[in-house]
file upload18.txt (compact mmCIF, C-alpha atoms)
# COMPACT_ATOMS: atom_id res chain seq x y z
CA MET A 146 -73.33 26.66 -22.65
CA ASN A 147 -75.02 29.97 -23.39
CA CYS A 148 -73.57 33.46 -22.96
CA THR A 149 -75.58 36.62 -22.30
CA SER A 150 -73.30 38.72 -24.55
CA PRO A 151 -70.22 38.25 -26.73
CA SER A 152 -67.84 39.54 -24.04
CA PRO A 153 -65.07 37.97 -21.93
CA GLU A 154 -67.03 38.64 -18.73
CA SER A 155 -70.10 36.84 -20.03
CA LEU A 156 -67.99 33.88 -21.17
CA PHE A 157 -66.22 33.67 -17.85
CA ASP A 158 -69.48 33.81 -15.88
CA ALA A 159 -70.93 31.04 -17.99
CA LEU A 160 -67.83 28.88 -17.46
CA ALA A 161 -67.90 29.55 -13.72
CA GLN A 162 -71.50 28.40 -13.44
CA THR A 163 -71.21 25.45 -15.78
CA LEU A 164 -67.61 24.19 -15.42
CA PHE A 165 -65.66 25.64 -12.51
CA ALA A 166 -68.11 24.37 -9.92
CA LYS A 167 -67.44 20.80 -11.11
CA LYS A 168 -63.64 20.96 -11.25
CA HIS A 169 -63.28 18.19 -8.67
CA LEU A 170 -65.05 15.66 -10.90
CA ARG A 171 -63.66 13.95 -13.94
CA PRO A 172 -65.39 15.70 -16.88
CA VAL A 173 -67.54 12.85 -18.19
CA LYS A 174 -71.28 12.18 -18.23
CA SER A 175 -70.73 8.72 -16.79
CA LEU A 176 -67.81 7.58 -14.63
CA ALA A 177 -67.77 4.36 -16.60
CA THR A 178 -66.54 6.33 -19.60
CA PRO A 179 -62.74 6.70 -19.67
CA THR A 180 -61.08 10.03 -20.36
CA ASN A 181 -58.60 9.97 -23.22
CA VAL A 182 -55.49 12.06 -22.44
CA SER A 183 -53.08 12.62 -25.32
CA VAL A 184 -49.44 13.19 -24.35
CA SER A 185 -46.57 14.54 -26.41
CA ILE A 186 -43.13 15.92 -25.59
CA THR A 187 -40.56 18.14 -27.29
CA LEU A 188 -36.94 17.86 -26.21
CA VAL A 189 -35.54 21.35 -25.79
CA GLY A 190 -32.23 20.71 -24.06
CA ILE A 191 -29.95 17.94 -22.81
CA LEU A 192 -28.47 19.45 -19.68
CA GLY A 193 -26.20 16.60 -18.64
CA ILE A 194 -25.72 13.16 -17.15
CA ASN A 195 -24.59 12.23 -13.67
CA GLU A 196 -22.79 8.91 -14.14
CA LYS A 197 -22.33 8.23 -10.44
CA ALA A 198 -26.00 8.75 -9.56
CA GLN A 199 -27.25 7.36 -12.90
CA LEU A 200 -29.35 10.47 -13.61
CA LEU A 201 -30.28 12.28 -16.83
CA THR A 202 -31.23 15.96 -16.75
CA THR A 203 -33.30 17.27 -19.66
CA PHE A 204 -35.61 20.17 -20.45
CA LEU A 205 -38.94 19.29 -22.12
CA TRP A 206 -42.13 20.81 -23.34
CA LEU A 207 -44.93 18.57 -22.15
CA VAL A 208 -48.25 18.79 -23.98
CA GLN A 209 -51.43 17.20 -22.60
CA GLU A 210 -54.78 17.29 -24.35
CA TRP A 211 -58.19 15.97 -23.31
CA ASP A 212 -61.88 16.70 -23.87
CA ILE A 213 -64.51 17.87 -21.41
CA GLU A 214 -67.45 15.73 -22.36
CA GLY A 215 -70.65 17.68 -23.19
CA LEU A 216 -69.08 21.16 -23.04
CA SER A 217 -69.48 23.51 -26.04
CA TRP A 218 -70.51 27.10 -26.87
CA ASP A 219 -71.19 29.21 -29.87
CA ALA A 220 -68.19 31.30 -30.83
CA LYS A 221 -70.30 34.24 -32.13
CA GLU A 222 -72.61 34.24 -29.15
CA CYS A 223 -69.77 34.20 -26.59
CA GLY A 224 -67.33 36.32 -28.58
CA SER A 225 -64.44 33.79 -28.85
CA ASP A 226 -63.78 30.23 -29.88
CA ARG A 227 -60.92 29.82 -27.39
CA VAL A 228 -60.09 31.12 -23.94
CA SER A 229 -57.17 30.78 -21.53
CA LEU A 230 -58.06 29.71 -18.02
CA LEU A 231 -56.26 29.09 -14.78
CA ARG A 232 -55.24 25.46 -14.47
CA LYS A 233 -56.54 25.35 -10.91
CA ASN A 234 -60.11 26.04 -12.14
CA LEU A 235 -60.22 22.83 -14.19
CA TRP A 236 -59.95 19.15 -13.57
CA ILE A 237 -56.36 18.17 -14.43
CA PRO A 238 -55.32 14.55 -15.04
CA ASP A 239 -52.65 13.23 -12.69
CA ILE A 240 -50.15 12.46 -15.43
CA HIS A 241 -46.66 12.08 -14.04
CA MET A 242 -43.31 10.71 -15.17
CA LYS A 243 -42.26 7.53 -13.40
CA GLU A 244 -38.51 8.16 -13.71
CA PHE A 245 -38.75 11.55 -12.00
CA MET A 246 -36.11 11.77 -9.24
CA ASP A 247 -35.91 15.43 -8.22
CA GLU A 248 -38.06 18.44 -7.56
CA ASP A 249 -39.34 20.18 -10.65
CA GLN A 250 -37.57 23.53 -10.95
CA SER A 251 -39.15 24.57 -14.24
CA PRO A 252 -41.01 27.89 -14.65
CA ILE A 253 -44.62 27.91 -13.53
CA THR A 254 -47.22 28.38 -16.28
CA PRO A 255 -50.66 28.65 -14.61
CA TYR A 256 -52.83 28.80 -17.77
CA VAL A 257 -54.33 26.30 -20.18
CA TYR A 258 -56.36 26.73 -23.37
CA LEU A 259 -60.01 25.70 -23.65
CA ASP A 260 -61.82 25.90 -27.00
CA ASN A 261 -65.56 26.00 -27.80
CA ARG A 262 -65.66 22.23 -28.41
CA GLY A 263 -64.56 21.43 -24.87
CA HIS A 264 -60.99 20.53 -25.87
CA VAL A 265 -58.31 21.39 -23.29
CA TYR A 266 -54.76 22.12 -24.43
CA ASP A 267 -52.15 22.10 -21.63
CA ASP A 268 -48.58 22.99 -22.61
CA LYS A 269 -45.92 23.53 -19.94
CA PRO A 270 -42.12 23.43 -19.63
CA LEU A 271 -40.61 20.66 -17.55
CA ARG A 272 -37.10 20.33 -16.17
CA VAL A 273 -36.68 16.61 -15.72
CA VAL A 274 -34.12 14.83 -13.55
CA SER A 275 -34.81 11.20 -14.31
CA THR A 276 -33.20 7.86 -13.68
CA CYS A 277 -31.38 6.25 -16.58
CA ASN A 278 -29.63 2.91 -16.72
CA LEU A 279 -26.34 4.14 -18.10
CA ARG A 280 -24.08 1.79 -20.00
CA LEU A 281 -20.60 3.23 -19.64
CA ARG A 282 -18.64 0.23 -20.88
CA ASN A 283 -17.75 2.00 -24.15
CA PHE A 284 -17.03 5.41 -22.62
CA PRO A 285 -16.31 7.86 -24.27
CA PHE A 286 -17.88 6.30 -27.38
CA ASP A 287 -21.07 5.34 -25.54
CA VAL A 288 -24.65 5.68 -26.73
CA GLN A 289 -27.30 6.00 -24.02
CA ASN A 290 -30.96 5.04 -24.29
CA CYS A 291 -32.97 6.73 -21.55
CA THR A 292 -36.67 6.13 -20.99
CA LEU A 293 -39.32 8.70 -20.03
CA THR A 294 -42.61 7.04 -19.10
CA PHE A 295 -45.79 9.11 -18.69
CA GLY A 296 -48.93 7.73 -17.11
CA SER A 297 -51.57 8.28 -14.47
CA TYR A 298 -50.41 7.91 -10.92
CA LEU A 299 -53.76 6.74 -9.51
CA HIS A 300 -56.34 6.13 -12.22
CA PHE A 301 -56.64 2.76 -13.93
CA ASP A 302 -56.99 2.42 -17.68
CA THR A 303 -60.76 2.19 -17.17
CA ASP A 304 -60.68 5.81 -15.96
CA ILE A 305 -57.83 7.43 -17.89
CA ARG A 306 -56.31 6.26 -21.13
CA VAL A 307 -52.98 7.77 -22.02
CA LEU A 308 -52.43 8.08 -25.77
CA MET A 309 -49.80 9.55 -28.08
CA SER A 310 -50.82 12.74 -29.86
CA SER A 311 -47.80 12.79 -32.23
CA SER A 312 -45.68 10.17 -33.90
CA ALA A 313 -42.08 9.56 -32.87
CA GLU A 314 -40.82 10.94 -36.19
CA ASP A 315 -42.67 14.24 -35.70
CA ILE A 316 -41.38 14.53 -32.15
CA LEU A 317 -37.79 13.96 -33.34
CA ILE A 318 -38.06 16.51 -36.15
CA LYS A 319 -39.55 19.15 -33.90
CA SER A 320 -37.02 18.47 -31.13
CA ARG A 321 -34.08 18.90 -33.49
CA LYS A 322 -35.48 22.22 -34.67
CA VAL A 323 -35.88 23.71 -31.20
CA LEU A 324 -32.99 21.94 -29.44
CA SER A 325 -31.05 24.77 -27.82
CA THR A 326 -28.33 22.96 -25.84
CA GLU A 327 -26.77 19.54 -26.04
CA GLY A 328 -23.49 19.98 -24.19
CA GLU A 329 -21.33 16.93 -24.73
CA TRP A 330 -24.32 14.91 -25.97
CA GLU A 331 -25.85 14.59 -29.40
CA LEU A 332 -29.48 13.66 -30.00
CA ILE A 333 -29.66 10.56 -32.20
CA ASP A 334 -33.25 9.37 -32.09
CA ILE A 335 -36.52 9.50 -30.16
CA LYS A 336 -38.78 6.46 -30.06
CA ALA A 337 -42.30 6.30 -28.66
CA ALA A 338 -44.69 3.48 -27.87
CA GLN A 339 -47.74 2.79 -25.74
CA SER A 340 -47.57 0.21 -22.99
CA ILE A 341 -49.68 -1.20 -20.19
CA LEU A 342 -48.44 -1.67 -16.65
CA ILE A 343 -50.21 -4.60 -14.98
CA LEU A 344 -50.24 -4.68 -11.19
CA GLU A 345 -52.23 -6.65 -8.65
CA ASP A 346 -54.77 -3.87 -8.12
CA GLY A 347 -55.30 -2.98 -11.78
CA ARG A 348 -53.89 -1.94 -15.14
CA TYR A 349 -52.28 1.40 -15.95
CA GLN A 350 -51.89 2.72 -19.46
CA GLU A 351 -48.65 4.53 -20.24
CA VAL A 352 -46.75 6.24 -23.03
CA ARG A 353 -43.03 5.52 -23.16
CA PHE A 354 -40.48 7.75 -24.89
CA ASN A 355 -36.94 6.48 -25.53
CA ILE A 356 -34.36 9.24 -25.96
CA VAL A 357 -31.22 7.98 -27.69
CA ILE A 358 -28.19 10.23 -27.23
CA ARG A 359 -24.52 9.85 -28.09
CA ARG A 360 -21.54 11.35 -26.29
CA ARG A 361 -19.21 13.66 -28.18
CA SER A 362 -15.90 11.84 -27.74
CA LEU A 363 -13.45 14.32 -29.30
CA VAL A 364 -12.56 16.06 -26.02
CA TYR A 365 -11.82 12.71 -24.34
CA MET A 366 -9.70 11.52 -27.25
CA VAL A 367 -7.63 14.71 -27.15
CA ASN A 368 -7.25 14.75 -23.36
CA LEU A 369 -7.03 11.04 -22.49
CA ILE A 370 -6.50 8.55 -25.30
CA ILE A 371 -3.99 10.39 -27.52
CA PRO A 372 -1.64 11.53 -24.67
CA SER A 373 -1.72 8.06 -23.16
CA SER A 374 -0.84 6.50 -26.53
CA PHE A 375 2.02 8.98 -26.96
CA LEU A 376 3.49 8.10 -23.56
CA VAL A 377 3.31 4.37 -24.28
CA THR A 378 4.99 4.97 -27.67
CA VAL A 379 7.79 6.94 -26.01
CA ASP A 380 8.26 4.10 -23.54
CA LEU A 381 8.49 1.68 -26.46
CA PHE A 382 11.22 3.73 -28.15
CA SER A 383 13.16 3.91 -24.88
CA PHE A 384 14.37 0.39 -25.66
CA LEU A 385 16.79 2.02 -28.10
CA LEU A 386 18.81 3.21 -25.09
CA PRO A 387 21.55 0.81 -23.94
CA ALA A 388 20.26 -1.51 -21.25
CA GLN A 389 23.45 -1.46 -19.18
CA SER A 390 23.22 2.31 -18.91
CA VAL A 391 21.48 3.90 -15.95
CA ASP A 392 19.79 6.37 -18.32
CA ARG A 393 17.20 3.86 -19.55
CA SER A 394 15.92 2.85 -16.12
CA ALA A 395 15.93 6.47 -14.92
CA PHE A 396 14.06 7.54 -18.05
CA LYS A 397 11.45 4.82 -17.60
CA MET A 398 10.93 5.68 -13.92
CA THR A 399 10.46 9.35 -14.85
CA LEU A 400 7.99 8.34 -17.55
CA ILE A 401 5.96 6.22 -15.10
CA LEU A 402 5.90 9.07 -12.59
CA GLY A 403 4.70 11.50 -15.26
CA TYR A 404 2.01 9.08 -16.42
CA THR A 405 0.78 8.64 -12.84
CA VAL A 406 0.48 12.40 -12.40
CA PHE A 407 -1.34 12.55 -15.76
CA LEU A 408 -3.90 9.99 -14.56
CA LEU A 409 -4.46 11.90 -11.33
CA LEU A 410 -5.09 15.13 -13.23
CA MET A 411 -7.42 13.45 -15.73
CA ASN A 412 -9.38 11.55 -13.07
CA ASP A 413 -12.29 13.99 -13.28
CA PHE A 414 -12.83 13.07 -16.93
CA LEU A 415 -13.42 9.41 -16.11
CA PRO A 416 -16.90 8.16 -15.16
CA VAL A 417 -17.52 6.92 -11.65
CA THR A 418 -19.95 4.03 -11.59
CA GLY A 419 -20.16 0.64 -9.94
CA ASN A 420 -22.18 -1.19 -12.59
CA THR A 421 -19.52 -1.88 -15.20
CA ILE A 422 -15.88 -1.01 -15.70
CA PRO A 423 -15.42 1.26 -18.74
CA ILE A 424 -13.01 0.06 -21.39
CA ILE A 425 -11.04 3.29 -21.16
CA ASN A 426 -10.24 2.54 -17.50
CA VAL A 427 -8.90 -0.84 -18.58
CA PHE A 428 -6.95 0.88 -21.35
CA LEU A 429 -5.29 3.36 -18.98
CA SER A 430 -4.53 0.69 -16.36
CA LEU A 431 -3.11 -1.56 -19.05
CA SER A 432 -0.87 1.24 -20.31
CA LEU A 433 0.48 1.83 -16.82
CA SER A 434 1.02 -1.92 -16.32
CA LEU A 435 2.97 -2.16 -19.58
CA MET A 436 5.21 0.70 -18.50
CA VAL A 437 5.90 -0.99 -15.16
CA ALA A 438 6.63 -4.29 -16.92
CA SER A 439 9.03 -2.44 -19.23
CA LEU A 440 10.87 -1.02 -16.21
CA LEU A 441 11.12 -4.49 -14.62
CA GLU A 442 12.53 -5.86 -17.87
CA THR A 443 15.18 -3.13 -17.90
CA ILE A 444 16.14 -3.90 -14.31
CA ILE A 445 16.52 -7.62 -15.08
CA VAL A 446 18.63 -7.06 -18.20
CA THR A 447 20.80 -4.48 -16.43
CA HIS A 448 21.38 -6.92 -13.59
CA ILE A 449 22.43 -9.64 -16.05
CA GLN A 450 24.82 -7.41 -17.96
CA SER A 451 26.30 -5.26 -15.19
CA SER A 452 26.51 -7.34 -12.03
CA SER A 453 30.02 -8.27 -10.87
CA ASN A 454 31.46 -11.62 -9.74
CA LYS A 455 29.32 -13.59 -12.15
CA LYS A 456 29.41 -17.32 -12.10
CA GLN A 457 30.09 -19.40 -15.12
CA VAL A 458 27.20 -19.40 -17.60
CA PRO A 459 25.29 -22.70 -17.41
CA ARG A 460 25.73 -24.67 -20.56
CA TRP A 461 21.99 -25.17 -21.12
CA VAL A 462 21.39 -21.42 -20.76
CA SER A 463 24.12 -20.63 -23.27
CA ILE A 464 22.80 -23.17 -25.78
CA LEU A 465 19.15 -22.12 -25.35
CA VAL A 466 19.72 -18.39 -25.56
CA LEU A 467 22.64 -18.04 -27.97
CA GLN A 468 21.95 -20.92 -30.33
CA TYR A 469 18.14 -21.08 -30.45
CA ILE A 470 16.58 -17.80 -29.30
CA ALA A 471 19.09 -15.43 -30.93
CA PRO A 472 18.42 -16.62 -34.53
CA VAL A 473 14.65 -16.49 -33.94
CA ILE A 474 14.70 -12.83 -32.91
CA CYS A 475 17.11 -11.97 -35.75
CA LEU A 476 20.01 -11.01 -33.49
CA PRO A 477 23.23 -12.37 -35.07
CA LEU A 478 26.12 -12.79 -32.65
CA LYS A 479 29.82 -12.77 -33.53
CA PRO A 480 31.50 -16.16 -33.03
CA GLN A 481 33.91 -16.30 -30.15
CA SER A 482 37.61 -16.64 -30.94
CA ASN A 483 39.66 -19.12 -28.90
CA LYS A 484 42.99 -17.56 -29.94
CA VAL A 485 44.52 -15.46 -27.16
CA THR A 486 47.73 -13.47 -27.53
CA VAL A 487 49.53 -12.55 -24.32
CA HIS A 488 52.48 -10.13 -24.35
CA LEU A 489 54.65 -10.42 -21.28
CA ASN A 490 56.77 -7.48 -22.43
CA PRO A 491 54.93 -4.22 -23.11
CA TYR A 492 57.41 -3.44 -25.87
CA HIS A 493 56.70 -6.74 -27.69
CA ILE A 494 60.29 -7.92 -27.28
CA GLN A 495 60.80 -11.49 -28.35
CA VAL A 496 61.29 -14.05 -25.65
CA GLY A 497 64.77 -15.56 -25.59
CA THR A 498 66.56 -12.52 -26.96
CA GLY A 499 64.99 -9.35 -25.69
CA VAL A 500 64.29 -10.69 -22.21
CA ALA A 501 67.84 -11.88 -21.81
CA ASN A 502 69.32 -8.67 -23.13
CA SER A 503 67.07 -6.55 -20.92
CA ASN A 504 68.02 -8.34 -17.68
CA PRO A 505 71.74 -8.00 -16.67
CA ALA A 506 71.48 -10.82 -14.12
CA ILE A 507 70.19 -13.31 -16.68
CA GLN A 508 72.77 -12.11 -19.22
CA SER A 509 75.59 -12.63 -16.66
CA TRP A 510 74.27 -16.04 -15.78
CA LEU A 511 74.11 -17.07 -19.44
CA HIS A 512 77.67 -15.81 -20.00
CA HIS A 513 78.86 -17.70 -16.96
CA THR A 514 77.22 -20.95 -18.03
CA ASP A 515 78.84 -20.73 -21.47
CA HIS A 516 82.32 -20.97 -19.94
CA GLN A 517 81.66 -23.35 -17.04
CA PRO A 518 81.16 -27.04 -17.20
CA MET A 519 77.71 -28.61 -16.93
CA GLU A 520 78.18 -29.40 -13.29
CA SER A 521 78.34 -25.71 -12.39
CA ALA A 522 74.80 -25.32 -13.73
CA ARG A 523 73.69 -27.59 -11.01
CA ASP A 524 74.81 -25.26 -8.32
CA PRO A 525 72.12 -25.17 -5.51
CA GLU A 526 71.82 -21.42 -5.61
CA VAL A 527 71.16 -21.44 -9.33
CA MET A 528 68.58 -24.19 -9.03
CA GLU A 529 66.81 -22.36 -6.26
CA GLU A 530 66.71 -19.23 -8.38
CA LEU A 531 65.25 -21.21 -11.26
CA ARG A 532 62.56 -22.70 -9.02
CA ARG A 533 61.50 -19.28 -7.81
CA LEU A 534 61.46 -18.06 -11.36
CA SER A 535 59.29 -21.03 -12.39
CA GLN A 536 56.84 -20.35 -9.56
CA ASP A 537 56.57 -16.72 -10.55
CA LEU A 538 55.85 -17.71 -14.14
CA ARG A 539 53.15 -20.13 -13.02
CA SER A 540 51.55 -17.42 -10.88
CA ILE A 541 51.60 -14.98 -13.76
CA ARG A 542 50.14 -17.59 -16.10
CA LEU A 543 47.37 -18.42 -13.59
CA GLN A 544 46.45 -14.76 -13.13
CA VAL A 545 46.33 -14.20 -16.89
CA ALA A 546 44.17 -17.31 -17.40
CA THR A 547 41.80 -16.22 -14.61
CA HIS A 548 41.51 -12.76 -16.09
CA LEU A 549 40.80 -14.12 -19.57
CA GLU A 550 38.23 -16.57 -18.23
CA GLY A 551 36.42 -13.76 -16.32
CA ALA A 552 36.44 -11.53 -19.39
CA GLN A 553 35.06 -14.34 -21.50
CA THR A 554 32.34 -15.07 -18.90
CA SER A 555 31.37 -11.38 -18.73
CA GLU A 556 31.21 -11.20 -22.50
CA GLU A 557 28.99 -14.28 -22.61
CA TRP A 558 26.63 -12.87 -19.96
CA ALA A 559 26.51 -9.59 -21.91
CA LYS A 560 25.47 -11.48 -25.05
CA ILE A 561 22.78 -13.35 -23.10
CA GLY A 562 21.51 -10.04 -21.70
CA SER A 563 21.32 -8.55 -25.20
CA VAL A 564 19.33 -11.52 -26.49
CA ILE A 565 16.93 -11.40 -23.54
CA ASP A 566 16.54 -7.64 -23.98
CA ARG A 567 15.64 -8.05 -27.65
CA LEU A 568 13.25 -10.91 -26.85
CA LEU A 569 11.43 -8.97 -24.14
CA PHE A 570 11.24 -5.93 -26.42
CA ILE A 571 9.48 -8.00 -29.09
CA ILE A 572 7.10 -9.45 -26.50
CA TYR A 573 6.42 -5.93 -25.15
CA PHE A 574 5.67 -4.64 -28.65
CA ILE A 575 3.32 -7.55 -29.35
CA CYS A 576 1.50 -6.94 -26.04
CA ILE A 577 1.04 -3.24 -26.81
CA LEU A 578 -0.18 -3.91 -30.33
CA SER A 579 -2.60 -6.69 -29.32
CA SER A 580 -3.93 -4.70 -26.36
CA PHE A 581 -4.65 -1.62 -28.46
CA LEU A 582 -6.29 -3.73 -31.16
CA CYS A 583 -8.51 -5.50 -28.61
CA VAL A 584 -9.58 -2.21 -27.04
CA THR A 585 -10.33 -0.72 -30.47
CA ILE A 586 -12.36 -3.76 -31.51
CA LEU A 587 -14.37 -3.64 -28.28
CA TRP A 588 -15.13 0.04 -28.89
CA LEU A 589 -16.15 -0.57 -32.48
CA GLN A 590 -18.41 -3.50 -31.65
CA GLU A 591 -21.03 -1.35 -29.98
call {"tool": "encode", "arguments": {"input": "upload18.txt", "output": "structure tokens"}}
result
Amino acid sequence: MNCTSPSPESLFDALAQTLFAKKHLRPVKSLATPTNVSVSITLVGILGINEKAQLLTTFLWLVQEWDIEGLSWDAKECGSDRVSLLRKNLWIPDIHMKEFMDEDQSPITPYVYLDNRGHVYDDKPLRVVSTCNLRLRNFPFDVQNCTLTFGSYLHFDTDIRVLMSSSAEDILIKSRKVLSTEGEWELIDIKAAQSILILEDGRYQEVRFNIVIRRRSLVYMVNLIIPSSFLVTVDLFSFLLPAQSVDRSAFKMTLILGYTVFLLLMNDFLPVTGNTIPIINVFLSLSLSLMVASLLETIIVTHIQSSSNKKQVPRWVSILVLQYIAPVICLPLKPQSNKVTVHLNPYHIQVGTGVANSNPAIQSWLHHTDHQPMESARDPEVMEELRRLSQDLRSIRLQVATHLEGAQTSEEWAKIGSVIDRLLFIIYFICILSSFLCVTILWLQE
């Protein structure tokens, strides 16, 4: 291409006559020759991820470079070795991103660079809303690998070949230097590779960039995991309260209510997706289930220890719980004493002396019998009085025996309730410990 003078007007007129008139044609001498388009990106910002819609929003600088075959000019003759031109005056390759899911709202840059060797340099910003197969199983310790694939929408690889202009290491280094916003995400790595898409109508050459990002989990640990662990720990220590008291069950119900309100308030922090269930959701549901199981255990033990009109303890239950389970859980029980002392007189007066001296009727009767013959002791009135006295003594003895038997039964049920309470506490502690260990191992595996 020749210029009449080394001025911008002369260069533009020469380009208009030689190049602009052919902007609808692919710039090659023969259509059998493919056009090599080099593609490179620079990640400027990670704007966010929509877990429910499975979308990644990023801000990129997209660079495309290609050559116009046969075009050249002398820099001294035309006054410049490079010129900026409107993009609409040139043939532009139809390079697009396959994962694009929303309208491009990036700033419009209408110009490209063209140098005196026919090399076109097209650099433009790109706000990308792309699909990404999110793996939220390890939320909030998840690492996402999102793919950005660039290729021609229409042209086969015999027409346009898409190549990489920079290595993945250079792209990563440059992206980390200019990265302006990451939000809750941290850039880990960028990988790049060329690939070929084979369809029935032809082959398409592509360049695939894998952006590896990791979520910053500190805010979720402070707001979700640590408070939940504290509440479960408080529920565990609530077993120190006496089971027969109403305070333990009321405390546990209040704790469950508070934990439910906590989950409702923190619901916005949890991801919403139908692909997989995050481990943290299982962790929170498991914590709530353990609290409910703890409340049920308290209700059962309280019912065993505090219910009235208990029946006699079955022998097999007494042997199983008091003789076998109690030593295993290290709960020693005091041996029961079969000796029972019953005082019929509140002043501990000896029978035979104090009772006789305290009752004038008995004392008169004893004095009378000392001076009368044995036949007078068989007087019908005296015998009838003795029978009534014997019946009263039997009634008193029966009531005392019934009372002692009920007290002994209640004491035995109370011991059984204590053993069961200790056993369920140990099982509850083992369940909490094993559950937390399993969740931690699952998080650390990824």
call {"tool": "closest_residue", "arguments": {"input": "upload18.txt", "among": "A:Leu188, A:Ala395, A:Val437, A:Val367", "to": "A:Asp334", "atoms": "only C-alpha atoms"}}
result
A:Leu188
call {"tool": "closest_residue", "arguments": {"input": "upload18.txt", "among": "A:Phe407, A:Leu381, A:Ile186, A:Pro285", "to": "A:Leu317", "atoms": "only C-alpha atoms"}}
result
A:Ile186
call {"tool": "closest_residue", "arguments": {"input": "upload18.txt", "among": "A:Arg361, A:Asn412, A:Phe384, A:Phe284", "to": "A:Leu568", "atoms": "only C-alpha atoms"}}
result
A:Phe384
call {"tool": "closest_residue", "arguments": {"input": "upload18.txt", "among": "A:Cys583, A:Ala220, A:Leu200, A:Leu386", "to": "A:Arg280", "atoms": "only C-alpha atoms"}}
result
A:Leu200
call {"tool": "residues_around", "arguments": {"input": "upload18.txt", "residues": "stretch 572-581 of chain A", "least_positions_apart": "4", "cutoff": "9 Å", "atoms": "only C-alpha atoms", "output": "PyMOL selection string"}}
result
chain A and resi 377+381+428+431-432+435+438-439+567-568+585-586
call {"tool": "closest_residue", "arguments": {"input": "upload18.txt", "among": "A:Val184, A:Asp413, A:Ser563, A:Leu342", "to": "A:Leu385", "atoms": "only C-alpha atoms"}}
result
A:Ser563
call {"tool": "atom_distance", "arguments": {"input": "upload18.txt", "atom1": "atom CA of A:Leu429", "atom2": "atom CA of A:Ile401"}}
result
12.2 Å
call {"tool": "closest_residue", "arguments": {"input": "upload18.txt", "among": "A:Asp302, A:Asp226, A:Asp267, A:Glu442", "to": "A:Ser183", "atoms": "all atoms listed in the file"}}
result
A:Asp267
call {"tool": "decode", "arguments": {"input": "upload18.txt", "residues": "stretch 573-583 of chain A", "atoms": "N, CA, C and O atoms", "output": "short mmCIF file (atom, residue, chain, number, x, y, z; two decimals), in the first residue's frame"}}
result
data_model
loop_
_atom_site.label_atom_id
_atom_site.label_comp_id
_atom_site.auth_asym_id
_atom_site.auth_seq_id
_atom_site.Cartn_x
_atom_site.Cartn_y
_atom_site.Cartn_z
N TYR A 573 -24.83 -40.02 73.46
CA TYR A 573 -24.98 -38.69 72.85
C TYR A 573 -23.62 -38.06 72.59
O TYR A 573 -23.37 -37.48 71.52
N PHE A 574 -22.71 -38.18 73.55
CA PHE A 574 -21.37 -37.61 73.38
C PHE A 574 -20.62 -38.32 72.25
O PHE A 574 -19.95 -37.67 71.44
N ILE A 575 -20.75 -39.64 72.17
CA ILE A 575 -20.09 -40.39 71.10
C ILE A 575 -20.66 -39.98 69.74
O ILE A 575 -19.92 -39.82 68.75
N CYS A 576 -21.98 -39.80 69.66
CA CYS A 576 -22.60 -39.39 68.39
C CYS A 576 -22.11 -38.01 67.96
O CYS A 576 -21.81 -37.79 66.78
N ILE A 577 -22.03 -37.07 68.90
CA ILE A 577 -21.55 -35.73 68.56
C ILE A 577 -20.10 -35.78 68.08
O ILE A 577 -19.74 -35.21 67.04
N LEU A 578 -19.27 -36.51 68.82
CA LEU A 578 -17.85 -36.58 68.46
C LEU A 578 -17.64 -37.24 67.10
O LEU A 578 -16.90 -36.72 66.25
N SER A 579 -18.31 -38.37 66.87
CA SER A 579 -18.16 -39.07 65.60
C SER A 579 -18.72 -38.26 64.44
O SER A 579 -18.15 -38.24 63.34
N SER A 580 -19.84 -37.58 64.65
CA SER A 580 -20.43 -36.76 63.59
C SER A 580 -19.52 -35.62 63.19
O SER A 580 -19.28 -35.37 62.00
N PHE A 581 -18.96 -34.93 64.18
CA PHE A 581 -18.07 -33.81 63.88
C PHE A 581 -16.80 -34.30 63.20
O PHE A 581 -16.28 -33.65 62.29
N LEU A 582 -16.28 -35.45 63.62
CA LEU A 582 -15.09 -35.99 62.98
C LEU A 582 -15.37 -36.38 61.53
O LEU A 582 -14.55 -36.12 60.64
N CYS A 583 -16.52 -37.00 61.29
CA CYS A 583 -16.86 -37.38 59.91
C CYS A 583 -17.00 -36.17 59.01
O CYS A 583 -16.51 -36.16 57.88
#
